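Data from target.cif: mmCIF, C-alpha atoms and all ligand atoms
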```cif
data_my_file
#
loop_
_atom_site.label_atom_id
_atom_site.label_comp_id
_atom_site.auth_asym_id
_atom_site.auth_seq_id
_atom_site.Cartn_x
_atom_site.Cartn_y
_atom_site.Cartn_z
CA MET A 217 -25.61 -20.91 5.13
CA ASP A 218 -27.66 -18.98 7.59
CA SER A 219 -27.86 -15.25 8.14
CA LEU A 220 -26.17 -12.88 10.55
CA LYS A 221 -27.94 -12.96 13.88
CA LYS A 222 -29.17 -9.66 15.31
CA ALA A 223 -27.89 -10.57 18.78
CA ASP A 224 -24.40 -11.23 17.42
CA ILE A 225 -24.36 -7.91 15.58
CA GLU A 226 -25.38 -6.13 18.77
CA ARG A 227 -22.62 -7.93 20.65
CA LEU A 228 -20.15 -7.00 17.91
CA LEU A 229 -21.14 -3.32 18.08
CA GLY A 230 -20.79 -3.31 21.87
CA TRP A 231 -17.42 -5.03 21.64
CA TYR A 232 -16.21 -2.52 19.03
CA ARG A 233 -17.20 0.50 21.05
CA ASN A 234 -15.25 -0.78 24.03
CA ASN A 235 -12.22 -2.15 22.23
CA LYS A 236 -11.55 -0.17 19.05
CA ARG A 237 -8.05 1.09 18.49
CA ASP A 238 -7.34 4.78 18.50
CA LEU A 239 -6.33 5.50 14.89
CA PRO A 240 -5.62 8.94 13.42
CA TRP A 241 -8.27 8.59 10.70
CA ARG A 242 -10.94 7.09 12.94
CA ASP A 243 -14.01 9.06 14.07
CA THR A 244 -12.78 12.33 12.57
CA GLY A 245 -16.04 12.82 10.67
CA ASP A 246 -14.08 13.57 7.49
CA ILE A 247 -14.75 11.39 4.44
CA TYR A 248 -11.37 12.41 2.99
CA ASP A 249 -9.76 10.66 5.99
CA VAL A 250 -11.78 7.50 5.36
CA TRP A 251 -10.80 7.41 1.71
CA LEU A 252 -7.14 8.32 2.18
CA SER A 253 -6.63 5.80 4.97
CA GLU A 254 -8.41 3.02 3.10
CA ILE A 255 -6.20 3.56 0.06
CA MET A 256 -3.05 3.70 2.19
CA LEU A 257 -4.05 0.56 4.09
CA GLN A 258 -4.29 -1.55 0.94
CA GLN A 259 -1.37 -4.01 1.18
CA THR A 260 0.13 -2.02 4.07
CA ARG A 261 0.09 -2.54 7.84
CA VAL A 262 -1.82 -0.14 10.09
CA GLU A 263 1.28 0.70 12.14
CA ALA A 264 3.19 1.68 9.00
CA VAL A 265 0.32 3.80 7.68
CA LYS A 266 -0.16 5.97 10.79
CA ALA A 267 2.87 8.21 10.24
CA TYR A 268 2.29 8.45 6.47
CA PHE A 269 -1.33 9.38 7.00
CA LYS A 270 -0.48 12.19 9.44
CA ARG A 271 2.24 13.61 7.20
CA PHE A 272 0.07 13.41 4.08
CA LYS A 273 -2.91 14.97 5.80
CA LYS A 274 -0.77 17.82 7.13
CA GLU A 275 0.57 18.70 3.69
CA VAL A 276 -2.50 17.78 1.64
CA PRO A 277 -5.47 18.31 3.96
CA ASP A 278 -8.43 17.82 1.61
CA ILE A 279 -9.72 16.75 -1.80
CA ARG A 280 -9.19 20.16 -3.38
CA SER A 281 -5.56 20.47 -2.29
CA LEU A 282 -4.92 16.89 -3.42
CA SER A 283 -6.30 17.75 -6.87
CA GLU A 284 -3.72 20.56 -7.08
CA THR A 285 -0.68 18.59 -5.84
CA ASP A 286 1.99 17.89 -8.43
CA ASP A 287 3.33 14.42 -9.21
CA ASP A 288 6.73 14.83 -7.58
CA ALA A 289 5.33 16.15 -4.31
CA LEU A 290 2.74 13.39 -4.26
CA LEU A 291 5.25 10.62 -4.87
CA ARG A 292 7.57 12.05 -2.24
CA LEU A 293 4.77 11.89 0.34
CA TRP A 294 4.04 8.33 -0.72
CA GLU A 295 7.64 7.19 -0.93
CA GLY A 296 8.20 3.98 1.04
CA LEU A 297 4.52 2.95 1.05
CA GLY A 298 4.92 1.16 -2.29
CA TYR A 299 2.22 0.45 -4.89
CA TYR A 300 2.60 3.97 -6.24
CA SER A 301 -0.30 3.67 -8.66
CA ARG A 302 -2.45 4.14 -5.54
CA ALA A 303 -1.05 7.65 -5.10
CA ARG A 304 -1.56 8.56 -8.74
CA ASN A 305 -5.12 7.28 -8.66
CA LEU A 306 -5.80 9.28 -5.50
CA ARG A 307 -4.88 12.47 -7.30
CA LYS A 308 -6.76 11.53 -10.47
CA CYS A 309 -9.80 10.76 -8.36
CA ALA A 310 -9.50 14.10 -6.52
CA VAL A 311 -9.33 15.96 -9.85
CA LYS A 312 -12.45 14.15 -11.05
CA LEU A 313 -14.30 14.85 -7.81
CA VAL A 314 -13.50 18.56 -8.10
CA GLU A 315 -14.32 18.79 -11.80
CA GLU A 316 -17.43 16.62 -11.90
CA TYR A 317 -18.83 16.23 -8.39
CA GLY A 318 -18.29 19.62 -6.74
CA GLY A 319 -15.40 18.31 -4.65
CA ALA A 320 -17.43 15.68 -2.76
CA PHE A 321 -17.87 11.94 -3.14
CA PRO A 322 -21.12 10.77 -4.74
CA LYS A 323 -23.38 8.72 -2.48
CA ASP A 324 -23.98 5.96 -4.98
CA GLU A 325 -21.95 2.77 -5.34
CA LYS A 326 -22.01 2.74 -9.16
CA GLU A 327 -20.90 6.38 -9.36
CA LEU A 328 -18.16 5.77 -6.81
CA MET A 329 -16.83 2.83 -8.78
CA LYS A 330 -16.42 4.98 -11.87
CA LEU A 331 -13.74 6.93 -9.98
CA PRO A 332 -10.05 6.04 -10.37
CA GLY A 333 -8.72 3.61 -7.75
CA ILE A 334 -12.13 2.91 -6.22
CA GLY A 335 -13.31 -0.69 -6.20
CA PRO A 336 -16.18 -2.36 -4.36
CA TYR A 337 -14.43 -2.38 -0.99
CA THR A 338 -13.43 1.30 -0.99
CA ALA A 339 -16.86 2.28 -2.32
CA GLY A 340 -18.44 0.32 0.54
CA ALA A 341 -16.13 1.99 3.07
CA ILE A 342 -16.90 5.51 1.77
CA LEU A 343 -20.63 4.82 1.87
CA SER A 344 -20.79 3.07 5.23
CA ILE A 345 -17.96 4.67 7.24
CA GLY A 346 -17.91 8.02 5.47
CA TYR A 347 -21.63 8.66 4.95
CA GLY A 348 -23.21 6.20 7.40
CA ILE A 349 -25.18 4.60 4.54
CA PRO A 350 -25.77 0.86 5.13
CA HIS A 351 -23.52 -0.95 2.68
CA ALA A 352 -21.09 -3.87 2.99
CA ALA A 353 -17.38 -3.00 2.96
CA VAL A 354 -15.61 -6.32 2.71
CA ASP A 355 -11.82 -6.45 3.01
CA GLY A 356 -9.57 -9.39 3.88
CA ASN A 357 -10.30 -9.04 7.60
CA VAL A 358 -14.04 -9.16 7.06
CA MET A 359 -13.70 -12.13 4.71
CA ARG A 360 -11.78 -14.10 7.35
CA VAL A 361 -14.16 -13.31 10.19
CA MET A 362 -17.24 -14.13 8.16
CA ALA A 363 -15.73 -17.29 6.66
CA ARG A 364 -14.93 -18.55 10.15
CA TYR A 365 -18.24 -17.54 11.69
CA PHE A 366 -20.21 -19.29 8.95
CA GLY A 367 -17.70 -22.13 8.44
CA ILE A 368 -17.24 -21.27 4.74
CA SER A 369 -14.65 -23.76 3.50
CA GLU A 370 -14.57 -22.77 -0.20
CA ASP A 371 -11.67 -20.78 -1.66
CA ILE A 372 -11.78 -17.32 -0.14
CA ARG A 373 -10.20 -15.89 -3.29
CA SER A 374 -13.21 -16.90 -5.37
CA GLN A 375 -15.66 -14.24 -6.47
CA ASP A 376 -18.55 -16.47 -5.37
CA VAL A 377 -17.39 -16.44 -1.78
CA LYS A 378 -16.84 -12.66 -1.86
CA ASP A 379 -20.31 -12.15 -3.30
CA LYS A 380 -21.84 -14.40 -0.64
CA ILE A 381 -20.23 -12.43 2.16
CA VAL A 382 -21.26 -9.08 0.69
CA THR A 383 -24.82 -10.40 0.35
CA LEU A 384 -24.91 -11.66 3.95
CA ILE A 385 -23.96 -8.22 5.26
CA ASN A 386 -26.25 -6.29 2.91
CA ASP A 387 -29.13 -8.65 3.77
CA PHE A 388 -28.57 -7.92 7.43
CA TYR A 389 -28.74 -4.16 6.81
CA ARG A 390 -31.95 -4.67 4.80
CA ASP A 391 -33.65 -6.97 7.33
CA HIS A 392 -32.53 -5.16 10.49
CA PRO A 393 -32.27 -1.44 9.73
CA LEU A 394 -29.91 0.24 12.19
CA SER A 395 -31.38 3.15 14.07
CA ASP A 396 -28.75 5.76 13.20
CA SER A 397 -25.86 6.44 10.86
CA GLU A 398 -23.37 6.30 13.73
CA SER A 399 -24.23 2.61 14.22
CA VAL A 400 -23.67 1.95 10.52
CA ARG A 401 -20.26 3.65 10.71
CA ASP A 402 -19.35 1.64 13.79
CA LEU A 403 -20.63 -1.68 12.51
CA SER A 404 -18.74 -1.42 9.24
CA GLN A 405 -15.52 -0.77 11.15
CA ALA A 406 -16.40 -3.40 13.77
CA PHE A 407 -16.31 -6.25 11.23
CA MET A 408 -12.83 -5.14 10.16
CA GLU A 409 -11.60 -4.49 13.68
CA LEU A 410 -12.64 -7.95 14.83
CA GLY A 411 -10.55 -9.45 12.03
CA ALA A 412 -7.62 -7.16 12.74
CA ILE A 413 -7.26 -7.71 16.47
CA VAL A 414 -9.18 -10.86 17.51
CA CYS A 415 -9.86 -13.18 14.58
CA VAL A 416 -6.32 -12.62 13.35
CA PRO A 417 -4.76 -13.97 10.14
CA ASN A 418 -1.60 -15.48 11.57
CA GLY A 419 -1.76 -17.73 14.58
CA ALA A 420 -4.79 -18.75 16.60
CA PRO A 421 -7.74 -16.38 16.86
CA ASP A 422 -8.50 -15.13 20.37
CA CYS A 423 -11.95 -16.74 20.49
CA GLU A 424 -12.30 -16.20 24.24
CA ALA A 425 -12.27 -12.43 23.62
CA CYS A 426 -14.63 -12.66 20.62
CA PRO A 427 -18.23 -11.44 20.78
CA TRP A 428 -19.17 -14.13 18.24
CA LYS A 429 -17.83 -17.18 20.03
CA GLU A 430 -21.27 -18.52 20.95
CA ASN A 431 -22.45 -19.06 17.36
CA CYS A 432 -19.19 -19.26 15.42
CA ILE A 433 -18.75 -22.53 13.50
CA CYS A 434 -14.94 -22.45 13.56
CA HIS A 435 -14.92 -21.87 17.29
CA ARG A 436 -17.35 -24.74 17.75
CA ASP A 437 -15.42 -27.27 15.65
CA GLY A 438 -11.89 -25.87 15.92
CA SER A 439 -11.50 -25.45 12.16
CA TYR A 440 -9.85 -22.02 12.26
CA GLU A 441 -6.60 -23.52 10.97
CA THR A 442 -8.19 -24.58 7.69
CA ILE A 443 -10.64 -21.68 7.32
CA PRO A 444 -10.26 -19.40 5.49
CA TYR A 445 -9.00 -21.65 2.73
CA ARG A 446 -6.89 -19.89 0.11
CA SER A 447 -5.84 -21.36 -3.20
CA SER A 448 -2.17 -20.75 -3.88
CA LEU A 449 -1.13 -17.70 -5.85
CA ARG A 450 1.06 -17.75 -8.90
CA GLU A 451 4.75 -17.88 -8.10
CA ARG A 452 6.52 -14.55 -8.33
CA LYS A 453 8.63 -13.87 -11.37
CA ILE A 454 12.30 -13.33 -10.55
CA VAL A 455 13.98 -10.40 -12.32
CA LYS A 456 17.76 -10.02 -12.17
CA LYS A 457 18.78 -6.40 -11.90
CA THR A 458 21.96 -4.39 -11.90
CA LEU A 459 22.12 -0.86 -10.51
CA LEU A 460 24.89 1.53 -11.47
CA ILE A 461 25.31 4.07 -8.70
CA LEU A 462 27.27 6.65 -10.64
CA ARG A 463 28.58 9.54 -8.55
CA ASP A 464 31.30 12.11 -8.18
CA HIS A 465 32.43 13.34 -4.77
CA ASP A 466 28.95 14.53 -3.78
CA ARG A 467 26.41 14.11 -6.58
CA PHE A 468 24.59 11.02 -7.79
CA LEU A 469 23.16 10.32 -11.23
CA LEU A 470 19.45 9.52 -11.11
CA HIS A 471 17.22 8.41 -13.94
CA LYS A 472 13.49 9.18 -14.16
CA ARG A 473 11.50 6.03 -14.84
CA ASP A 474 8.98 5.84 -17.64
CA SER A 475 5.67 7.57 -17.03
CA LYS A 476 3.85 4.24 -17.39
CA GLY A 477 4.25 0.88 -15.65
CA LEU A 478 5.86 -0.16 -12.39
CA LEU A 479 7.08 2.75 -10.21
CA ALA A 480 6.20 5.13 -13.03
CA GLY A 481 7.71 8.61 -12.92
CA MET A 482 9.93 7.90 -9.91
CA TYR A 483 13.70 8.21 -9.80
CA GLU A 484 16.17 5.34 -9.74
CA PHE A 485 19.84 4.65 -10.17
CA LEU A 486 20.56 3.53 -13.71
CA SER A 487 19.27 -0.01 -13.86
CA PHE A 488 19.38 -3.03 -16.18
CA ASP A 489 17.15 -6.10 -16.17
CA GLU A 490 20.15 -8.43 -16.12
CA TRP A 491 23.27 -8.98 -14.06
CA LEU A 492 26.29 -7.11 -15.36
CA ASP A 493 29.86 -7.89 -14.30
CA ARG A 494 32.36 -5.13 -13.44
CA ASP A 495 33.76 -4.89 -16.97
CA GLU A 496 30.30 -4.56 -18.47
CA ALA A 497 29.39 -1.88 -15.92
CA VAL A 498 32.54 0.11 -16.66
CA SER A 499 32.09 -0.22 -20.38
CA TYR A 500 28.50 1.08 -20.09
CA ALA A 501 29.76 4.12 -18.20
CA LYS A 502 32.35 4.66 -20.91
CA LYS A 503 29.62 4.60 -23.55
CA LEU A 504 28.04 7.50 -21.68
CA GLY A 505 31.39 9.29 -21.94
CA LEU A 506 32.15 8.87 -18.22
CA ASP A 507 35.57 8.03 -16.88
CA VAL A 508 35.34 5.61 -13.93
CA LEU A 509 37.97 6.24 -11.24
CA ARG A 510 36.85 3.46 -8.93
CA ILE A 511 34.22 0.73 -8.97
CA THR A 512 33.00 -1.14 -5.87
CA ARG A 513 30.46 -3.92 -5.78
CA ILE A 514 27.89 -3.30 -3.04
CA GLU A 515 26.09 -6.02 -1.11
CA ASP A 516 23.24 -7.62 -3.09
CA SER A 517 19.66 -6.92 -2.18
CA ARG A 518 16.15 -8.19 -2.95
CA HIS A 519 12.94 -6.30 -3.36
CA ILE A 520 9.62 -8.11 -3.41
CA PHE A 521 6.53 -6.88 -5.24
CA THR A 522 3.24 -8.79 -5.40
CA HIS A 523 4.02 -10.62 -8.62
CA LEU A 524 7.76 -10.27 -8.98
CA GLU A 525 11.02 -10.15 -7.12
CA TRP A 526 14.00 -8.03 -8.03
CA HIS A 527 17.29 -9.71 -7.24
CA MET A 528 19.65 -6.77 -7.36
CA ARG A 529 23.36 -6.32 -7.58
CA ALA A 530 24.85 -2.85 -7.53
CA TYR A 531 28.09 -1.09 -8.31
CA GLU A 532 29.17 2.18 -6.84
CA MET A 533 31.17 3.94 -9.55
CA ILE A 534 33.12 7.08 -8.80
CA ILE A 535 33.57 9.12 -11.95
CA SER A 536 35.97 11.98 -12.63
CA GLU A 537 33.54 14.48 -14.15
CA TRP A 538 30.14 14.64 -15.80
CA GLN A 539 29.57 15.31 -19.45
CA GLU A 540 27.98 18.66 -20.22
CA THR A 541 24.84 16.86 -21.39
CA LEU A 542 23.55 14.18 -19.05
CA PRO A 543 22.03 10.94 -20.39
CA GLU A 544 18.35 11.21 -21.34
CA ASP A 545 15.87 11.65 -18.43
CA CYS A 546 18.74 11.90 -15.93
CA ILE A 547 19.47 14.44 -13.21
CA LEU A 548 22.21 14.94 -10.65
CA ALA A 549 21.39 15.16 -6.97
CA ASN A 550 23.54 15.62 -3.91
CA ARG A 551 22.91 13.73 -0.68
CA GLU A 552 20.56 16.35 0.73
CA GLU A 553 18.55 16.54 -2.48
CA LEU A 554 18.20 12.76 -2.52
CA GLU A 555 16.03 13.08 0.58
CA ASN A 556 13.49 15.20 -1.28
CA ILE A 557 13.21 13.19 -4.48
CA ALA A 558 10.68 10.40 -4.96
CA ILE A 559 12.87 7.30 -5.00
CA PRO A 560 11.20 3.90 -4.49
CA SER A 561 12.33 1.92 -1.45
CA ALA A 562 13.94 -0.74 -3.69
CA PHE A 563 16.56 1.87 -4.60
CA ARG A 564 16.50 3.91 -1.43
CA THR A 565 17.87 0.85 0.37
CA TYR A 566 21.17 1.66 -1.28
CA ILE A 567 21.10 5.29 -0.17
CA ASP A 568 20.50 4.15 3.39
CA ARG A 569 23.46 1.81 3.12
CA TYR A 570 25.62 4.72 1.99
CA ALA A 571 24.52 6.69 5.01
CA LEU A 572 25.55 3.81 7.25
CA ARG A 573 28.90 3.37 5.60
CA GLU A 574 29.67 7.06 5.54
CA ARG A 575 28.97 7.38 9.24
CA LYS A 576 31.33 4.46 9.94
CA GLU A 577 34.06 6.10 7.89
CA GLU A 578 33.74 9.48 9.63
S1 LIG A 601 -15.09 -17.07 17.63
FE1 LIG A 601 -12.96 -17.27 17.10
S2 LIG A 601 -12.93 -18.06 15.02
FE2 LIG A 601 -14.99 -17.32 15.43
S3 LIG A 601 -15.05 -15.25 14.63
FE3 LIG A 601 -14.52 -15.12 16.79
S4 LIG A 601 -12.28 -15.15 16.89
FE4 LIG A 601 -12.90 -15.83 14.85
#
```
Please express the file's structure as structure tokens.
Ligand code: SF4
Amino acid sequence: MDSLKKADIERLLGWYRNNKRDLPWRDTGDIYDVWLSEIMLQQTRVEAVKAYFKRFKKEVPDIRSLSETDDDALLRLWEGLGYYSRARNLRKCAVKLVEEYGGAFPKDEKELMKLPGIGPYTAGAILSIGYGIPHAAVDGNVMRVMARYFGISEDIRSQDVKDKIVTLINDFYRDHPLSDSESVRDLSQAFMELGAIVCVPNGAPDCEACPWKENCICHRDGSYETIPYRSSLRERKIVKKTLLILRDHDRFLLHKRDSKGLLAGMYEFLSFDEWLDRDEAVSYAKKLGLDVLRITRIEDSRHIFTHLEWHMRAYEMIISEWQETLPEDCILANREELENIAIPSAFRTYIDRYALRERKEE
């Protein structure tokens, strides 16, 4: 393996400055924007993040206000983005920054990585894009571009390959110091932008538009279909689930999930990790002291997480009246209130279906 060529880096910088996308968190000069967008972009498409970022930034404009935001408000702003531990870590990190670092990010990789939710990539992004300090920030886009440019055929999921790529970029910064912090900011984003819009993950890369085509190994030998090579991931675990959508004429019963684990602290319809038939569903409602007037099975649905899939069936159950004491950790919410409660998209799917059906019936 060689090293990054200065001429290619200059071409990449020039290409970036002429072709970069206009993104709401780009070039704002605010490290909070760099951090927030990087966390939101993990596992999520840029197009989907734009609206969330703007809304979040409007309501929670800086580190201090984030440190003071309560859990429910935070989860509501995050609702639909998934991977909710990211939101909780954001707040925890903000609290730590305010309490221990005067409300600003430290400028040291090791210190950054002690903060909740910050790994090597985000630390690299805060240093290079936020502070203009030369430091590799290697995400999936950068891995792909570098693997193709250098013809790296080993498993891109391996730590060795990640380390190699980080070293190649850091060596470049060391051997060819950039003249100003603006160039560092641009270069760090340029690697990612090239992967996002030219050396794309699905389909053929647009090598003709690429500033690296002259020296790129994959372009030379046409191996972009096999590089990057990825070993296969574990198969997802399938979890059967039943939702009981218990309601009267306008209020729904919601249950607050445990404060730890998947979708912690968010609200759901009562759910079971197994498939119940109608009789079992009705008998469960009876155990809660609820009299079911009507039960309807709703169309099945699937929700996919990284390591598991929920295969869900659901029953809408109209009940005559609520008991004076609701089941533990449960609340009642009418349709309007449902909009302002943090409900994960796996469950919100069913609320959206109600909205559709109710409109049809009007
Ligand atoms: S030349 Fe083609 S394969 Fe090589 S980095 Fe550019 S887009 Fe990717």
Sort by chain and increasing residue number a table of all residues of chain A within 12 Å of ligand LIG 601 (chain A), each with its closest pair of atoms and their distance in Å to one decimal, counting only C-alpha atoms and all ligand atoms, and write it as JSON lines.
```
{"residue": "A:Asp224", "atom": "CA", "partner": "A:LIG601", "partner_atom": "S3", "distance": 10.6}
{"residue": "A:Ile225", "atom": "CA", "partner": "A:LIG601", "partner_atom": "S3", "distance": 11.9}
{"residue": "A:Arg227", "atom": "CA", "partner": "A:LIG601", "partner_atom": "FE3", "distance": 11.5}
{"residue": "A:Leu228", "atom": "CA", "partner": "A:LIG601", "partner_atom": "FE3", "distance": 9.9}
{"residue": "A:Trp231", "atom": "CA", "partner": "A:LIG601", "partner_atom": "FE3", "distance": 11.6}
{"residue": "A:Asn357", "atom": "CA", "partner": "A:LIG601", "partner_atom": "FE4", "distance": 10.3}
{"residue": "A:Val358", "atom": "CA", "partner": "A:LIG601", "partner_atom": "S3", "distance": 9.8}
{"residue": "A:Met359", "atom": "CA", "partner": "A:LIG601", "partner_atom": "S3", "distance": 10.5}
{"residue": "A:Arg360", "atom": "CA", "partner": "A:LIG601", "partner_atom": "FE4", "distance": 7.8}
{"residue": "A:Val361", "atom": "CA", "partner": "A:LIG601", "partner_atom": "S3", "distance": 4.9}
{"residue": "A:Met362", "atom": "CA", "partner": "A:LIG601", "partner_atom": "S3", "distance": 6.9}
{"residue": "A:Ala363", "atom": "CA", "partner": "A:LIG601", "partner_atom": "S3", "distance": 8.3}
{"residue": "A:Arg364", "atom": "CA", "partner": "A:LIG601", "partner_atom": "S2", "distance": 5.3}
{"residue": "A:Tyr365", "atom": "CA", "partner": "A:LIG601", "partner_atom": "S3", "distance": 4.9}
{"residue": "A:Phe366", "atom": "CA", "partner": "A:LIG601", "partner_atom": "FE2", "distance": 8.6}
{"residue": "A:Gly367", "atom": "CA", "partner": "A:LIG601", "partner_atom": "FE2", "distance": 8.9}
{"residue": "A:Ile368", "atom": "CA", "partner": "A:LIG601", "partner_atom": "S2", "distance": 11.6}
{"residue": "A:Ala406", "atom": "CA", "partner": "A:LIG601", "partner_atom": "S3", "distance": 12.0}
{"residue": "A:Phe407", "atom": "CA", "partner": "A:LIG601", "partner_atom": "S3", "distance": 9.7}
{"residue": "A:Met408", "atom": "CA", "partner": "A:LIG601", "partner_atom": "S3", "distance": 11.3}
{"residue": "A:Glu409", "atom": "CA", "partner": "A:LIG601", "partner_atom": "S4", "distance": 11.2}
{"residue": "A:Leu410", "atom": "CA", "partner": "A:LIG601", "partner_atom": "S4", "distance": 7.5}
{"residue": "A:Gly411", "atom": "CA", "partner": "A:LIG601", "partner_atom": "FE4", "distance": 7.4}
{"residue": "A:Ala412", "atom": "CA", "partner": "A:LIG601", "partner_atom": "S4", "distance": 10.1}
{"residue": "A:Ile413", "atom": "CA", "partner": "A:LIG601", "partner_atom": "S4", "distance": 9.0}
{"residue": "A:Val414", "atom": "CA", "partner": "A:LIG601", "partner_atom": "S4", "distance": 5.3}
{"residue": "A:Cys415", "atom": "CA", "partner": "A:LIG601", "partner_atom": "S4", "distance": 3.9}
{"residue": "A:Val416", "atom": "CA", "partner": "A:LIG601", "partner_atom": "S4", "distance": 7.4}
{"residue": "A:Pro417", "atom": "CA", "partner": "A:LIG601", "partner_atom": "FE4", "distance": 9.6}
{"residue": "A:Asn418", "atom": "CA", "partner": "A:LIG601", "partner_atom": "FE4", "distance": 11.8}
{"residue": "A:Gly419", "atom": "CA", "partner": "A:LIG601", "partner_atom": "S4", "distance": 11.1}
{"residue": "A:Ala420", "atom": "CA", "partner": "A:LIG601", "partner_atom": "S4", "distance": 8.3}
{"residue": "A:Pro421", "atom": "CA", "partner": "A:LIG601", "partner_atom": "S4", "distance": 4.7}
{"residue": "A:Asp422", "atom": "CA", "partner": "A:LIG601", "partner_atom": "S4", "distance": 5.1}
{"residue": "A:Cys423", "atom": "CA", "partner": "A:LIG601", "partner_atom": "FE1", "distance": 3.6}
{"residue": "A:Glu424", "atom": "CA", "partner": "A:LIG601", "partner_atom": "S1", "distance": 7.2}
{"residue": "A:Ala425", "atom": "CA", "partner": "A:LIG601", "partner_atom": "S4", "distance": 7.3}
{"residue": "A:Cys426", "atom": "CA", "partner": "A:LIG601", "partner_atom": "FE3", "distance": 4.6}
{"residue": "A:Pro427", "atom": "CA", "partner": "A:LIG601", "partner_atom": "FE3", "distance": 6.6}
{"residue": "A:Trp428", "atom": "CA", "partner": "A:LIG601", "partner_atom": "FE3", "distance": 5.0}
{"residue": "A:Lys429", "atom": "CA", "partner": "A:LIG601", "partner_atom": "S1", "distance": 3.6}
{"residue": "A:Glu430", "atom": "CA", "partner": "A:LIG601", "partner_atom": "S1", "distance": 7.2}
{"residue": "A:Asn431", "atom": "CA", "partner": "A:LIG601", "partner_atom": "S1", "distance": 7.6}
{"residue": "A:Cys432", "atom": "CA", "partner": "A:LIG601", "partner_atom": "FE2", "distance": 4.6}
{"residue": "A:Ile433", "atom": "CA", "partner": "A:LIG601", "partner_atom": "FE2", "distance": 6.7}
{"residue": "A:Cys434", "atom": "CA", "partner": "A:LIG601", "partner_atom": "S2", "distance": 5.0}
{"residue": "A:His435", "atom": "CA", "partner": "A:LIG601", "partner_atom": "S1", "distance": 4.8}
{"residue": "A:Arg436", "atom": "CA", "partner": "A:LIG601", "partner_atom": "S1", "distance": 8.0}
{"residue": "A:Asp437", "atom": "CA", "partner": "A:LIG601", "partner_atom": "S2", "distance": 9.6}
{"residue": "A:Gly438", "atom": "CA", "partner": "A:LIG601", "partner_atom": "S2", "distance": 7.9}
{"residue": "A:Ser439", "atom": "CA", "partner": "A:LIG601", "partner_atom": "S2", "distance": 8.1}
{"residue": "A:Tyr440", "atom": "CA", "partner": "A:LIG601", "partner_atom": "S2", "distance": 5.7}
{"residue": "A:Glu441", "atom": "CA", "partner": "A:LIG601", "partner_atom": "S2", "distance": 9.3}
{"residue": "A:Thr442", "atom": "CA", "partner": "A:LIG601", "partner_atom": "S2", "distance": 10.9}
{"residue": "A:Ile443", "atom": "CA", "partner": "A:LIG601", "partner_atom": "S2", "distance": 8.8}
{"residue": "A:Pro444", "atom": "CA", "partner": "A:LIG601", "partner_atom": "S2", "distance": 10.0}
```
- [ ] Using CA of Lys453 (chain A) and CA of Trp526 (chain A) as the two end points, give the distance in Å to one decimal.
- [x]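 CA of Trp526 (chain A) lies 8.6 Å from CA of Lys453 (chain A).
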Open item on the list: One decimal, in Å: what's the spacing between CA of Pro393 (chain A) and CA of Ser253 (chain A)?
Closed with: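 A separation of 27.1 Å between them.
For the pair CA of Met528 (chain A) and CA of Leu293 (chain A), the interatomic distance is 25.1 Å.
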Could you give me, as CSV, every region 357-462 of chain A residue with an atom at most 12 Å from region 467-484 of chain A, plus its closest atom pair and distance in Å to one decimal, counting all atoms listed in the file, rows ordered by chain then number?
```
residue,atom,partner,partner_atom,distance
A:Thr458,CA,A:Glu484,CA,11.5
A:Leu459,CA,A:Glu484,CA,8.6
A:Leu460,CA,A:Leu469,CA,9.0
A:Ile461,CA,A:Phe468,CA,7.0
A:Leu462,CA,A:Leu469,CA,5.5
```
As JSON: centre and edge lengths in Å, one decimal, of the axis-aligned box holding region 497-507 of chain A with 5 Å per side:
```
{"center_x": 31.8, "center_y": 3.7, "center_z": -19.7, "size_x": 17.5, "size_y": 21.2, "size_z": 17.6}
```
Task: Residues within 12 Å of (-19.4, 15.1, -9.2), counting only C-alpha atoms, listed as an MDAnalysis selection string - done: chainID A and resid 309:324 327:328 330:331
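With distances restricted to only C-alpha atoms, A:Ile385 is the closest residue to Lys222 (chain A) from A:Val377, A:Leu239, A:Ile279, A:Ile385.
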Open item on the list: So, with only C-alpha atoms as the atoms that count, which of A:Arg452, A:Lys274, A:Arg401, A:Lys457 lies closest to Arg233 (chain A)?
Closed with: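 Of A:Arg452, A:Lys274, A:Arg401, A:Lys457, the one nearest Arg233 (chain A), counting only C-alpha atoms, is A:Arg401.
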